[in-house]
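The file run.cif comes next; it holds mmCIF, C-alpha atoms, pLDDT in the B column; chains and numbers go by the auth columns.
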```cif
data_upload
loop_
_atom_site.group_PDB
_atom_site.id
_atom_site.type_symbol
_atom_site.label_atom_id
_atom_site.label_comp_id
_atom_site.label_asym_id
_atom_site.label_seq_id
_atom_site.Cartn_x
_atom_site.Cartn_y
_atom_site.Cartn_z
_atom_site.B_iso_or_equiv
_atom_site.auth_seq_id
_atom_site.auth_asym_id
ATOM 1 C CA MET A 1 0.000 0.000 0.000 41.00 21 A
ATOM 2 C CA THR A 2 1.465 3.341 -0.979 41.00 22 A
ATOM 3 C CA GLY A 3 1.660 6.295 1.360 42.00 23 A
ATOM 4 C CA TYR A 4 -0.003 8.532 -1.148 44.00 24 A
ATOM 5 C CA SER A 5 -3.151 6.467 -1.475 48.00 25 A
ATOM 6 C CA GLU A 6 -3.421 6.102 2.289 50.00 26 A
ATOM 7 C CA ASN A 7 -3.358 9.891 2.582 50.00 27 A
ATOM 8 C CA ALA A 8 -5.808 10.347 -0.262 50.00 28 A
ATOM 9 C CA ALA A 9 -8.180 7.886 1.371 48.00 29 A
ATOM 10 C CA ALA A 10 -7.963 9.600 4.733 52.00 30 A
ATOM 11 C CA GLN A 11 -8.655 12.967 3.129 46.00 31 A
ATOM 12 C CA LEU A 12 -11.592 11.642 1.177 52.00 32 A
ATOM 13 C CA ARG A 13 -13.401 9.761 3.894 63.00 33 A
ATOM 14 C CA PRO A 14 -12.212 10.602 7.401 69.00 34 A
ATOM 15 C CA GLY A 15 -14.155 8.636 10.009 76.00 35 A
ATOM 16 C CA LEU A 16 -16.941 7.793 7.599 74.00 36 A
ATOM 17 C CA TRP A 17 -17.655 4.450 9.159 71.00 37 A
ATOM 18 C CA GLN A 18 -18.080 5.890 12.653 76.00 38 A
ATOM 19 C CA THR A 19 -20.302 8.702 11.382 79.00 39 A
ATOM 20 C CA VAL A 20 -22.661 6.407 9.519 74.00 40 A
ATOM 21 C CA ASN A 21 -22.825 3.982 12.412 74.00 41 A
ATOM 22 C CA GLU A 22 -23.725 6.760 14.836 78.00 42 A
ATOM 23 C CA ARG A 23 -26.522 7.972 12.578 75.00 43 A
ATOM 24 C CA TYR A 24 -27.812 4.556 11.573 72.00 44 A
ATOM 25 C CA PRO A 25 -27.009 2.107 14.384 68.00 45 A
ATOM 26 C CA GLY A 26 -26.646 -1.438 13.143 68.00 46 A
ATOM 27 C CA SER A 27 -26.487 -0.461 9.481 71.00 47 A
ATOM 28 C CA MET A 28 -22.769 -1.060 9.131 76.00 48 A
ATOM 29 C CA ILE A 29 -20.971 -4.341 9.479 79.00 49 A
ATOM 30 C CA HIS A 30 -17.844 -4.798 11.542 83.00 50 A
ATOM 31 C CA LYS A 31 -15.909 -8.031 11.463 87.00 51 A
ATOM 32 C CA GLY A 32 -13.215 -8.992 13.904 85.00 52 A
ATOM 33 C CA ASP A 33 -11.719 -11.772 11.834 88.00 53 A
ATOM 34 C CA PHE A 34 -10.673 -12.675 8.322 91.00 54 A
ATOM 35 C CA VAL A 35 -12.153 -15.583 6.379 93.00 55 A
ATOM 36 C CA PRO A 36 -9.624 -18.102 5.011 95.00 56 A
ATOM 37 C CA LEU A 37 -8.717 -17.502 1.383 96.00 57 A
ATOM 38 C CA ALA A 38 -10.227 -19.802 -1.206 96.00 58 A
ATOM 39 C CA ARG A 39 -7.830 -20.695 -4.008 95.00 59 A
ATOM 40 C CA LEU A 40 -8.327 -20.714 -7.765 96.00 60 A
ATOM 41 C CA ARG A 41 -8.920 -24.273 -8.891 95.00 61 A
ATOM 42 C CA LYS A 42 -7.680 -23.528 -12.410 96.00 62 A
ATOM 43 C CA PRO A 43 -5.956 -20.671 -14.223 97.00 63 A
ATOM 44 C CA LEU A 44 -7.951 -17.465 -14.796 97.00 64 A
ATOM 45 C CA ALA A 45 -7.964 -18.165 -18.528 98.00 65 A
ATOM 46 C CA GLU A 46 -9.985 -21.308 -17.797 98.00 66 A
ATOM 47 C CA SER A 47 -12.083 -19.867 -14.977 98.00 67 A
ATOM 48 C CA ARG A 48 -15.651 -18.656 -15.115 98.00 68 A
ATOM 49 C CA LEU A 49 -15.979 -15.117 -13.788 98.00 69 A
ATOM 50 C CA SER A 50 -19.043 -13.674 -12.079 98.00 70 A
ATOM 51 C CA PHE A 51 -19.793 -10.115 -11.020 98.00 71 A
ATOM 52 C CA VAL A 52 -21.809 -8.940 -8.000 97.00 72 A
ATOM 53 C CA SER A 53 -22.790 -5.291 -7.744 96.00 73 A
ATOM 54 C CA THR A 54 -24.684 -3.123 -5.268 94.00 74 A
ATOM 55 C CA ALA A 55 -25.269 -0.489 -7.931 94.00 75 A
ATOM 56 C CA GLY A 56 -28.981 -1.203 -8.471 95.00 76 A
ATOM 57 C CA VAL A 57 -28.419 -2.083 -12.131 96.00 77 A
ATOM 58 C CA GLN A 58 -31.139 -4.230 -13.660 96.00 78 A
ATOM 59 C CA LEU A 59 -32.645 -5.291 -16.974 97.00 79 A
ATOM 60 C CA LYS A 60 -35.214 -2.832 -18.245 97.00 80 A
ATOM 61 C CA GLY A 61 -38.662 -4.300 -17.648 96.00 81 A
ATOM 62 C CA THR A 62 -37.773 -6.140 -14.434 96.00 82 A
ATOM 63 C CA LEU A 63 -39.332 -5.084 -11.121 96.00 83 A
ATOM 64 C CA PRO A 64 -37.478 -1.948 -10.041 96.00 84 A
ATOM 65 C CA PHE A 65 -35.676 -2.041 -6.709 95.00 85 A
ATOM 66 C CA ASP A 66 -37.630 -0.313 -3.932 93.00 86 A
ATOM 67 C CA THR A 67 -35.331 2.650 -3.520 93.00 87 A
ATOM 68 C CA VAL A 68 -37.566 4.537 -1.083 91.00 88 A
ATOM 69 C CA HIS A 69 -38.254 1.843 1.514 91.00 89 A
ATOM 70 C CA PRO A 70 -36.838 3.124 4.826 87.00 90 A
ATOM 71 C CA VAL A 71 -35.017 -0.112 5.688 88.00 91 A
ATOM 72 C CA GLY A 72 -34.017 -1.012 2.139 90.00 92 A
ATOM 73 C CA ASP A 73 -34.705 -3.703 -0.441 92.00 93 A
ATOM 74 C CA TYR A 74 -33.331 -7.167 0.341 93.00 94 A
ATOM 75 C CA THR A 75 -33.956 -8.683 -3.079 95.00 95 A
ATOM 76 C CA PHE A 76 -31.562 -9.149 -5.951 96.00 96 A
ATOM 77 C CA ARG A 77 -31.832 -9.290 -9.729 97.00 97 A
ATOM 78 C CA ARG A 78 -30.048 -11.514 -12.193 97.00 98 A
ATOM 79 C CA VAL A 79 -28.499 -9.531 -15.014 98.00 99 A
ATOM 80 C CA PRO A 80 -27.655 -11.783 -17.987 98.00 100 A
ATOM 81 C CA SER A 81 -23.944 -11.390 -18.676 98.00 101 A
ATOM 82 C CA VAL A 82 -24.668 -11.098 -22.410 98.00 102 A
ATOM 83 C CA SER A 83 -26.806 -7.992 -21.832 98.00 103 A
ATOM 84 C CA LYS A 84 -26.192 -4.930 -23.938 97.00 104 A
ATOM 85 C CA ARG A 85 -25.500 -1.671 -22.135 95.00 105 A
ATOM 86 C CA ASP A 86 -28.722 -0.061 -23.382 95.00 106 A
ATOM 87 C CA GLU A 87 -30.826 -2.968 -22.088 97.00 107 A
ATOM 88 C CA LEU A 88 -29.925 -2.026 -18.509 97.00 108 A
ATOM 89 C CA GLU A 89 -31.036 0.741 -16.196 96.00 109 A
ATOM 90 C CA ILE A 90 -30.194 1.902 -12.679 96.00 110 A
ATOM 91 C CA HIS A 91 -32.606 2.089 -9.742 95.00 111 A
ATOM 92 C CA GLN A 92 -30.928 3.520 -6.667 91.00 112 A
ATOM 93 C CA LEU A 93 -30.614 6.843 -4.820 87.00 113 A
ATOM 94 C CA LYS A 94 -27.391 6.581 -2.897 85.00 114 A
ATOM 95 C CA TYR A 95 -24.479 7.294 -5.186 88.00 115 A
ATOM 96 C CA PRO A 96 -23.796 9.837 -7.923 90.00 116 A
ATOM 97 C CA THR A 97 -24.781 8.428 -11.312 92.00 117 A
ATOM 98 C CA HIS A 98 -23.658 11.239 -13.599 93.00 118 A
ATOM 99 C CA GLY A 99 -20.808 9.061 -14.880 95.00 119 A
ATOM 100 C CA ALA A 100 -22.888 5.877 -15.149 95.00 120 A
ATOM 101 C CA GLU A 101 -25.641 7.686 -17.032 95.00 121 A
ATOM 102 C CA ARG A 102 -23.232 8.349 -19.878 95.00 122 A
ATOM 103 C CA ASP A 103 -21.248 5.117 -19.617 97.00 123 A
ATOM 104 C CA LEU A 104 -22.631 2.366 -17.400 97.00 124 A
ATOM 105 C CA ASN A 105 -19.215 0.699 -17.359 98.00 125 A
ATOM 106 C CA VAL A 106 -17.954 3.120 -14.700 97.00 126 A
ATOM 107 C CA ILE A 107 -20.052 1.251 -12.115 96.00 127 A
ATOM 108 C CA PHE A 108 -21.181 -1.917 -13.917 97.00 128 A
ATOM 109 C CA PRO A 109 -18.393 -2.732 -16.409 98.00 129 A
ATOM 110 C CA ILE A 110 -20.332 -5.326 -18.385 98.00 130 A
ATOM 111 C CA GLU A 111 -18.676 -4.480 -21.699 98.00 131 A
ATOM 112 C CA ARG A 112 -15.163 -4.710 -20.260 98.00 132 A
ATOM 113 C CA LEU A 113 -16.014 -8.085 -18.685 98.00 133 A
ATOM 114 C CA GLN A 114 -17.448 -9.343 -21.972 98.00 134 A
ATOM 115 C CA GLU A 115 -14.212 -8.282 -23.697 98.00 135 A
ATOM 116 C CA LEU A 116 -12.082 -10.165 -21.159 98.00 136 A
ATOM 117 C CA ALA A 117 -14.033 -13.326 -21.928 98.00 137 A
ATOM 118 C CA VAL A 118 -13.831 -12.855 -25.710 98.00 138 A
ATOM 119 C CA GLU A 119 -10.076 -12.303 -25.470 98.00 139 A
ATOM 120 C CA GLY A 120 -9.575 -15.317 -23.246 98.00 140 A
ATOM 121 C CA ILE A 121 -8.192 -13.410 -20.248 97.00 141 A
ATOM 122 C CA VAL A 122 -10.894 -15.263 -18.338 98.00 142 A
ATOM 123 C CA GLY A 123 -12.363 -18.541 -19.550 98.00 143 A
ATOM 124 C CA ALA A 124 -15.985 -17.411 -19.565 98.00 144 A
ATOM 125 C CA LEU A 125 -18.572 -15.349 -17.730 98.00 145 A
ATOM 126 C CA THR A 126 -21.301 -16.883 -15.606 98.00 146 A
ATOM 127 C CA PRO A 127 -24.678 -16.782 -17.398 98.00 147 A
ATOM 128 C CA ASN A 128 -25.801 -14.115 -14.922 98.00 148 A
ATOM 129 C CA PHE A 129 -24.327 -11.277 -12.958 98.00 149 A
ATOM 130 C CA PHE A 130 -26.002 -10.322 -9.666 97.00 150 A
ATOM 131 C CA SER A 131 -27.293 -6.948 -8.592 96.00 151 A
ATOM 132 C CA PHE A 132 -28.945 -5.367 -5.568 95.00 152 A
ATOM 133 C CA ILE A 133 -29.045 -1.951 -3.907 93.00 153 A
ATOM 134 C CA GLY A 134 -26.570 -0.860 -1.283 85.00 154 A
ATOM 135 C CA TYR A 135 -29.140 0.990 0.795 86.00 155 A
ATOM 136 C CA ASN A 136 -29.995 -1.680 3.354 86.00 156 A
ATOM 137 C CA MET A 137 -30.192 -0.495 6.931 85.00 157 A
ATOM 138 C CA ASP A 138 -30.400 -3.912 8.608 87.00 158 A
ATOM 139 C CA ALA A 139 -26.960 -5.377 8.148 86.00 159 A
ATOM 140 C CA GLU A 140 -27.768 -8.496 10.135 88.00 160 A
ATOM 141 C CA ARG A 141 -30.753 -9.246 7.895 90.00 161 A
ATOM 142 C CA LEU A 142 -28.668 -8.614 4.799 90.00 162 A
ATOM 143 C CA GLU A 143 -26.031 -11.067 5.942 89.00 163 A
ATOM 144 C CA ARG A 144 -28.572 -13.682 6.934 92.00 164 A
ATOM 145 C CA THR A 145 -30.703 -13.517 3.755 93.00 165 A
ATOM 146 C CA LEU A 146 -29.443 -11.609 0.735 92.00 166 A
ATOM 147 C CA ALA A 147 -25.743 -12.394 1.151 93.00 167 A
ATOM 148 C CA GLU A 148 -26.455 -16.119 1.478 95.00 168 A
ATOM 149 C CA GLU A 149 -28.934 -16.119 -1.419 96.00 169 A
ATOM 150 C CA ILE A 150 -26.514 -14.386 -3.768 96.00 170 A
ATOM 151 C CA ALA A 151 -23.625 -16.608 -2.660 96.00 171 A
ATOM 152 C CA ASP A 152 -25.775 -19.668 -3.442 97.00 172 A
ATOM 153 C CA ALA A 153 -26.801 -18.196 -6.799 97.00 173 A
ATOM 154 C CA VAL A 154 -23.166 -17.508 -7.691 97.00 174 A
ATOM 155 C CA VAL A 155 -22.300 -21.134 -6.925 97.00 175 A
ATOM 156 C CA ALA A 156 -25.315 -22.380 -8.921 98.00 176 A
ATOM 157 C CA ASP A 157 -24.153 -20.321 -11.905 98.00 177 A
ATOM 158 C CA GLY A 158 -20.837 -22.178 -11.868 98.00 178 A
ATOM 159 C CA ALA A 159 -18.563 -19.308 -10.846 98.00 179 A
ATOM 160 C CA ASP A 160 -14.853 -20.063 -10.332 98.00 180 A
ATOM 161 C CA VAL A 161 -13.958 -16.488 -9.391 98.00 181 A
ATOM 162 C CA VAL A 162 -16.054 -13.457 -8.383 97.00 182 A
ATOM 163 C CA LEU A 163 -15.525 -9.724 -8.747 98.00 183 A
ATOM 164 C CA LEU A 164 -17.631 -7.574 -6.421 96.00 184 A
ATOM 165 C CA SER A 165 -18.312 -3.876 -6.498 94.00 185 A
ATOM 166 C CA PRO A 166 -19.958 -2.429 -3.402 88.00 186 A
ATOM 167 C CA ALA A 167 -21.205 0.925 -4.672 71.00 187 A
ATOM 168 C CA MET B 1 -21.493 -11.037 1.008 88.00 23 B
ATOM 169 C CA GLN B 2 -17.962 -11.334 -0.336 92.00 24 B
ATOM 170 C CA ARG B 3 -17.057 -13.383 2.719 93.00 25 B
ATOM 171 C CA ALA B 4 -20.079 -15.646 2.149 94.00 26 B
ATOM 172 C CA VAL B 5 -18.913 -16.386 -1.408 96.00 27 B
ATOM 173 C CA GLU B 6 -15.315 -16.992 -0.317 96.00 28 B
ATOM 174 C CA GLN B 7 -16.539 -19.382 2.364 95.00 29 B
ATOM 175 C CA ARG B 8 -18.138 -21.446 -0.399 96.00 30 B
ATOM 176 C CA GLY B 9 -14.660 -22.010 -1.821 97.00 31 B
ATOM 177 C CA ILE B 10 -14.749 -19.387 -4.592 97.00 32 B
ATOM 178 C CA PRO B 11 -11.992 -16.744 -4.590 98.00 33 B
ATOM 179 C CA THR B 12 -13.303 -13.168 -4.547 97.00 34 B
ATOM 180 C CA VAL B 13 -12.043 -9.636 -4.921 97.00 35 B
ATOM 181 C CA SER B 14 -13.896 -6.361 -4.469 96.00 36 B
ATOM 182 C CA ILE B 15 -13.373 -2.850 -5.776 96.00 37 B
ATOM 183 C CA THR B 16 -13.726 -0.208 -3.078 93.00 38 B
ATOM 184 C CA VAL B 17 -13.722 3.583 -2.951 92.00 39 B
ATOM 185 C CA ALA B 18 -14.340 3.649 0.826 87.00 40 B
ATOM 186 C CA LEU B 19 -11.242 2.398 2.564 86.00 41 B
ATOM 187 C CA ASP B 20 -12.415 2.805 6.153 82.00 42 B
ATOM 188 C CA VAL B 21 -15.614 0.858 5.491 84.00 43 B
ATOM 189 C CA THR B 22 -13.579 -1.881 3.828 87.00 44 B
ATOM 190 C CA ARG B 23 -11.238 -2.091 6.812 84.00 45 B
ATOM 191 C CA HIS B 24 -14.203 -2.733 9.098 85.00 46 B
ATOM 192 C CA ILE B 25 -15.832 -5.325 6.853 86.00 47 B
ATOM 193 C CA LYS B 26 -12.585 -7.250 6.284 91.00 48 B
ATOM 194 C CA PRO B 27 -13.219 -8.734 2.839 93.00 49 B
ATOM 195 C CA PRO B 28 -10.771 -11.436 1.734 96.00 50 B
ATOM 196 C CA ARG B 29 -9.241 -9.224 -0.997 96.00 51 B
ATOM 197 C CA ALA B 30 -9.952 -5.680 -2.184 96.00 52 B
ATOM 198 C CA VAL B 31 -8.557 -3.093 -4.549 96.00 53 B
ATOM 199 C CA PHE B 32 -8.892 0.499 -3.338 94.00 54 B
ATOM 200 C CA LEU B 33 -9.289 3.474 -5.652 94.00 55 B
ATOM 201 C CA PRO B 34 -9.510 7.075 -4.402 93.00 56 B
ATOM 202 C CA PHE B 35 -12.413 7.727 -6.773 94.00 57 B
ATOM 203 C CA MET B 36 -15.836 9.279 -6.354 93.00 58 B
ATOM 204 C CA MET B 37 -18.670 7.037 -5.160 92.00 59 B
ATOM 205 C CA GLY B 38 -20.425 5.468 -8.136 94.00 60 B
ATOM 206 C CA HIS B 39 -17.261 5.595 -10.237 95.00 61 B
ATOM 207 C CA HIS B 40 -15.439 2.496 -9.037 96.00 62 B
ATOM 208 C CA PHE B 41 -14.152 1.682 -12.528 97.00 63 B
ATOM 209 C CA GLY B 42 -13.173 5.229 -13.445 97.00 64 B
ATOM 210 C CA VAL B 43 -14.685 7.713 -15.817 97.00 65 B
ATOM 211 C CA PRO B 44 -16.945 7.452 -18.876 98.00 66 B
ATOM 212 C CA PHE B 45 -15.453 6.080 -22.088 97.00 67 B
ATOM 213 C CA HIS B 46 -12.004 5.548 -20.526 98.00 68 B
ATOM 214 C CA THR B 47 -12.015 1.903 -21.509 98.00 69 B
ATOM 215 C CA GLN B 48 -8.319 1.459 -20.825 97.00 70 B
ATOM 216 C CA LEU B 49 -8.704 2.603 -17.205 98.00 71 B
ATOM 217 C CA GLN B 50 -11.857 0.539 -16.664 98.00 72 B
ATOM 218 C CA ARG B 51 -10.059 -2.511 -17.918 98.00 73 B
ATOM 219 C CA HIS B 52 -6.893 -1.786 -15.961 98.00 74 B
ATOM 220 C CA ILE B 53 -8.879 -1.744 -12.710 98.00 75 B
ATOM 221 C CA ILE B 54 -10.550 -5.077 -13.459 98.00 76 B
ATOM 222 C CA GLU B 55 -7.240 -6.666 -14.440 98.00 77 B
ATOM 223 C CA ALA B 56 -5.601 -5.348 -11.264 97.00 78 B
ATOM 224 C CA ALA B 57 -8.386 -6.948 -9.249 98.00 79 B
ATOM 225 C CA LEU B 58 -7.964 -10.260 -11.050 98.00 80 B
ATOM 226 C CA GLY B 59 -4.222 -9.969 -10.469 97.00 81 B
ATOM 227 C CA LEU B 60 -4.859 -9.753 -6.747 97.00 82 B
ATOM 228 C CA ILE B 61 -6.893 -12.968 -6.939 97.00 83 B
ATOM 229 C CA VAL B 62 -3.791 -14.732 -8.206 96.00 84 B
ATOM 230 C CA GLU B 63 -1.215 -12.952 -6.047 96.00 85 B
ATOM 231 C CA ALA B 64 -2.812 -12.445 -2.614 95.00 86 B
ATOM 232 C CA ARG B 65 -1.268 -14.658 0.032 94.00 87 B
ATOM 233 C CA GLU B 66 -3.115 -13.479 3.124 95.00 88 B
ATOM 234 C CA SER B 67 -6.785 -12.798 3.713 95.00 89 B
ATOM 235 C CA GLY B 68 -7.626 -9.134 4.052 94.00 90 B
ATOM 236 C CA GLU B 69 -5.122 -7.698 1.594 95.00 91 B
ATOM 237 C CA VAL B 70 -6.235 -4.289 0.329 94.00 92 B
ATOM 238 C CA ARG B 71 -4.193 -3.171 -2.653 95.00 93 B
ATOM 239 C CA SER B 72 -4.105 0.525 -3.551 94.00 94 B
ATOM 240 C CA LEU B 73 -3.541 1.445 -7.173 95.00 95 B
ATOM 241 C CA PRO B 74 -1.327 4.476 -7.865 94.00 96 B
ATOM 242 C CA LEU B 75 -4.146 6.446 -9.490 95.00 97 B
ATOM 243 C CA THR B 76 -5.868 9.685 -8.582 95.00 98 B
ATOM 244 C CA TRP B 77 -9.381 10.899 -9.282 95.00 99 B
ATOM 245 C CA ALA B 78 -8.049 14.166 -10.717 96.00 100 B
ATOM 246 C CA GLN B 79 -5.845 12.284 -13.147 96.00 101 B
ATOM 247 C CA ALA B 80 -8.699 9.962 -14.185 96.00 102 B
ATOM 248 C CA ARG B 81 -11.048 12.891 -14.791 96.00 103 B
ATOM 249 C CA LYS B 82 -8.431 14.758 -16.798 97.00 104 B
ATOM 250 C CA GLN B 83 -7.830 11.744 -19.014 97.00 105 B
ATOM 251 C CA GLY B 84 -11.595 11.221 -19.369 96.00 106 B
ATOM 252 C CA THR B 85 -12.090 14.821 -20.470 96.00 107 B
ATOM 253 C CA ALA B 86 -9.371 14.424 -23.104 96.00 108 B
ATOM 254 C CA ILE B 87 -10.958 11.199 -24.369 96.00 109 B
ATOM 255 C CA GLU B 88 -14.379 12.830 -24.658 95.00 110 B
ATOM 256 C CA ARG B 89 -12.882 15.824 -26.465 95.00 111 B
ATOM 257 C CA GLU B 90 -11.269 13.453 -28.944 93.00 112 B
ATOM 258 C CA MET B 91 -14.576 11.588 -29.411 92.00 113 B
ATOM 259 C CA LYS B 92 -16.362 14.861 -30.212 89.00 114 B
ATOM 260 C CA THR B 93 -13.659 15.805 -32.683 88.00 115 B
ATOM 261 C CA GLU B 94 -14.014 12.478 -34.445 83.00 116 B
ATOM 262 C CA ILE B 95 -17.789 12.839 -34.658 79.00 117 B
ATOM 263 C CA SER B 96 -17.576 16.329 -36.122 79.00 118 B
ATOM 264 C CA ARG B 97 -14.948 15.303 -38.677 73.00 119 B
ATOM 265 C CA PRO B 98 -16.447 15.054 -42.214 67.00 120 B
#
```
Could you quickly redo this structure as structure tokens?
Amino acid sequence: MTGYSENAAAQLRPGLWQTVNERYPGSMIHKGDFVPLARLRKPLAESRLSFVSTAGVQLKGTLPFDTVHPVGDYTFRRVPSVSKRDELEIHQLKYPTHGAERDLNVIFPIERLQELAVEGIVGALTPNFFSFIGYNMDAERLERTLAEEIADAVVADGADVVLLSPA
Amino acid sequence: MQRAVEQRGIPTVSITVALDVTRHIKPPRAVFLPFMMGHHFGVPFHTQLQRHIIEAALGLIVEARESGEVRSLPLTWAQARKQGTAIEREMKTEISRP
């Protein structure tokens, strides 16, 4: 870790975690331990990559996430990994979307991931990517339900490696 | 969530723009970028940067030896925005060219 990035991070978000936790008790997760690392079972070029995002990206025409519910929306959507950029839309209220509105890849890089598969950098993409909204005030419920459901879905889709983007 | 996937035997890596939150959550592997929320993979139309970030994350999957490694990339938001502006200027020039 470089000194510069540490400083940049501190300047950008000093004490954010404590502030949010004071305002919304129980909404943030704190873990005291690390989970053991899983290992790649085959090279990346033979591995199937999945993507999990909290950006609220979903196929147009699917039930929009409930972005105004006070405790959040604990459902997820499958986003077919072959989707075109203009088939997708964003339903969320909690991060700036001015970049994503012009190029969705800044938060949901579906085209870059498709390119990696075509070029053989990864073996394939899972049939689906997985999407939900980050605004969920009950962290314990999220861990108990949504996190387990998505983890099961990722396994069912045959993922060998997973990229996540908590927006 | 990342921990739940890792515990099923699948290696994971996340992209974060909130280092202090990440430190509390203790994901198995993460790549930190000092970028604006909602712009984890950079700026619009900067395909090279978007790809670089993904490849760096995949690199960490291969290289990480200990759980909890957070790798910072030597990038800045100002630099990314400047490059993005130049790319968009070039795109406009190409469109207006006869």
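Between chain B and the candidates A:Asp53, A:Glu139, A:Glu107, A:Asp177, the tightest atom-to-atom separation, counting all atoms listed in the file, involves A:Asp53.
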Quiz item: Can you tell me, as number ranges by chain, what residues are no more than 10 Å from A:Gly76 when counting all atoms listed in the file, ignoring any on the same chain fewer than 2 positions away?
Solution: A: 73-74, 78, 84-87, 96-97, 109-114, 127-128, 150-155, 187
Self-check item: Nearest to A:Glu135 by atom-to-atom distance, counting only C-alpha atoms, from B:Ala26, B:Ile76, B:Val35, B:Ala40
Solution: B:Ile76
Quiz item: Restricting the calculation to all atoms listed in the file, which member of B:Lys114, B:Arg51, B:His74, B:Arg30 is positioned closest to B:Pro96?
Solution: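 Distance minimum relative to B:Pro96 lands on B:His74.
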Exercise. Could you give me, as an MDAnalysis selection string, the residues within 12 Å of A:Met48, counting all atoms listed in the file and dropping anything in the same chain fewer than 4 positions from it?
Key: (chainID A and resid 36:44 154:163) or (chainID B and resid 42:47)
Export C-alpha atoms of the chosen residues as a PDB file, keeping the file's coordinate frame?
```pdb
ATOM      1  CA  LEU A  36     -16.941   7.793   7.599  1.00 74.00           C
ATOM      2  CA  TRP A  37     -17.655   4.450   9.159  1.00 71.00           C
ATOM      3  CA  GLN A  38     -18.080   5.890  12.653  1.00 76.00           C
ATOM      4  CA  THR A  39     -20.302   8.702  11.382  1.00 79.00           C
ATOM      5  CA  VAL A  40     -22.661   6.407   9.519  1.00 74.00           C
ATOM      6  CA  ASN A  41     -22.825   3.982  12.412  1.00 74.00           C
ATOM      7  CA  GLU A  42     -23.725   6.760  14.836  1.00 78.00           C
ATOM      8  CA  ARG A  43     -26.522   7.972  12.578  1.00 75.00           C
ATOM      9  CA  TYR A  44     -27.812   4.556  11.573  1.00 72.00           C
ATOM     10  CA  GLY A 154     -26.570  -0.860  -1.283  1.00 85.00           C
ATOM     11  CA  TYR A 155     -29.140   0.990   0.795  1.00 86.00           C
ATOM     12  CA  ASN A 156     -29.995  -1.680   3.354  1.00 86.00           C
ATOM     13  CA  MET A 157     -30.192  -0.495   6.931  1.00 85.00           C
ATOM     14  CA  ASP A 158     -30.400  -3.912   8.608  1.00 87.00           C
ATOM     15  CA  ALA A 159     -26.960  -5.377   8.148  1.00 86.00           C
ATOM     16  CA  GLU A 160     -27.768  -8.496  10.135  1.00 88.00           C
ATOM     17  CA  ARG A 161     -30.753  -9.246   7.895  1.00 90.00           C
ATOM     18  CA  LEU A 162     -28.668  -8.614   4.799  1.00 90.00           C
ATOM     19  CA  GLU A 163     -26.031 -11.067   5.942  1.00 89.00           C
TER      20      GLU A 163
ATOM     21  CA  ASP B  42     -12.415   2.805   6.153  1.00 82.00           C
ATOM     22  CA  VAL B  43     -15.614   0.858   5.491  1.00 84.00           C
ATOM     23  CA  THR B  44     -13.579  -1.881   3.828  1.00 87.00           C
ATOM     24  CA  ARG B  45     -11.238  -2.091   6.812  1.00 84.00           C
ATOM     25  CA  HIS B  46     -14.203  -2.733   9.098  1.00 85.00           C
ATOM     26  CA  ILE B  47     -15.832  -5.325   6.853  1.00 86.00           C
TER      27      ILE B  47
END
```
Quiz item: Skipping near chain neighbours, those fewer than 3 positions away, what residues fall within 7 Å of stretch 79-83 of chain B using only C-alpha atoms, listed as number ranges by chain?
Solution: B: 33-35, 53, 75-76, 86
Could you please give me, as a compact mmCIF listing (two decimals) with C-alpha atoms, keeping the file's coordinate frame, the residues of protein, DNA or RNA lying at most 7 Å from (-16.2, 7.3, -15.6) in the coordinate frame of the file, considering all atoms listed in the file?
```txt
# COMPACT_ATOMS: atom_id res chain seq x y z
CA GLY A 119 -20.81 9.06 -14.88
CA ALA A 120 -22.89 5.88 -15.15
CA ASP A 123 -21.25 5.12 -19.62
CA VAL A 126 -17.95 3.12 -14.70
CA HIS B 61 -17.26 5.60 -10.24
CA PHE B 63 -14.15 1.68 -12.53
CA GLY B 64 -13.17 5.23 -13.44
CA VAL B 65 -14.68 7.71 -15.82
CA PRO B 66 -16.94 7.45 -18.88
CA PHE B 67 -15.45 6.08 -22.09
CA HIS B 68 -12.00 5.55 -20.53
```
Practice problem: Write out as a VMD selection string every residue belonging to chain A that has an atom at most 7 Å from any atom of chain B, counting all atoms listed in the file. | Solution: chain A and resid 21 to 22 25 28 to 29 33 36 to 37 49 to 51 54 to 60 115 to 117 119 122 to 123 126 to 127 132 163 167 to 168 171 180 to 187
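These residues, each with an atom at most 12 Å from (-7.1, -21.0, -17.8) using all atoms listed in the file, are Leu60, Arg61, Lys62, Pro63, Leu64, Ala65, Glu66, Ser67, Arg68, Leu69, Ala137, Glu139, Gly140, Ile141, Val142, Gly143, Ala144, Asp180 and Val181 of chain A; Val84 of chain B.
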Practice problem: Quick one: pull the distance between atom CA of A:Arg164 and atom CA of A:Pro90, Å, one decimal. | Solution: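 A separation of 18.8 Å between them.
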Once you add 5 Å to each side, what are the centre and edge lengths of the axis-aligned box holding all listed atoms of stretch 40-54 of chain B? One decimal in Å, as JSON, if you can.
```
{"center_x": -12.2, "center_y": -3.9, "center_z": 2.3, "size_x": 17.3, "size_y": 25.1, "size_z": 23.6}
```
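Between A:Ser103 and the candidates A:Gly81, A:Gly178, A:Pro147, A:Gly35, the tightest atom-to-atom separation, counting only C-alpha atoms, involves A:Pro147.
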Quiz item: When you draw a straight line from atom CA of A:Leu145 to atom CA of B:Arg103, how long is it in Å?
Solution: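 These two atoms are separated by 29.4 Å.
For the structure in this document, the set picked by the PyMOL selection byres ((chain A and resi 148) around 7) is Arg98, Val99, Pro100, Ser101, Thr146, Pro147, Phe149 and Phe150 of chain A.
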Save the residues we just selected, C-alpha atoms, as an mmCIF file, keeping the file's coordinate frame?
```
data_model
loop_
_atom_site.group_PDB
_atom_site.id
_atom_site.type_symbol
_atom_site.label_atom_id
_atom_site.label_comp_id
_atom_site.auth_asym_id
_atom_site.auth_seq_id
_atom_site.Cartn_x
_atom_site.Cartn_y
_atom_site.Cartn_z
ATOM 1 C CA ARG A 98 -30.048 -11.514 -12.193
ATOM 2 C CA VAL A 99 -28.499 -9.531 -15.014
ATOM 3 C CA PRO A 100 -27.655 -11.783 -17.987
ATOM 4 C CA SER A 101 -23.944 -11.390 -18.676
ATOM 5 C CA THR A 146 -21.301 -16.883 -15.606
ATOM 6 C CA PRO A 147 -24.678 -16.782 -17.398
ATOM 7 C CA PHE A 149 -24.327 -11.277 -12.958
ATOM 8 C CA PHE A 150 -26.002 -10.322 -9.666
#
```
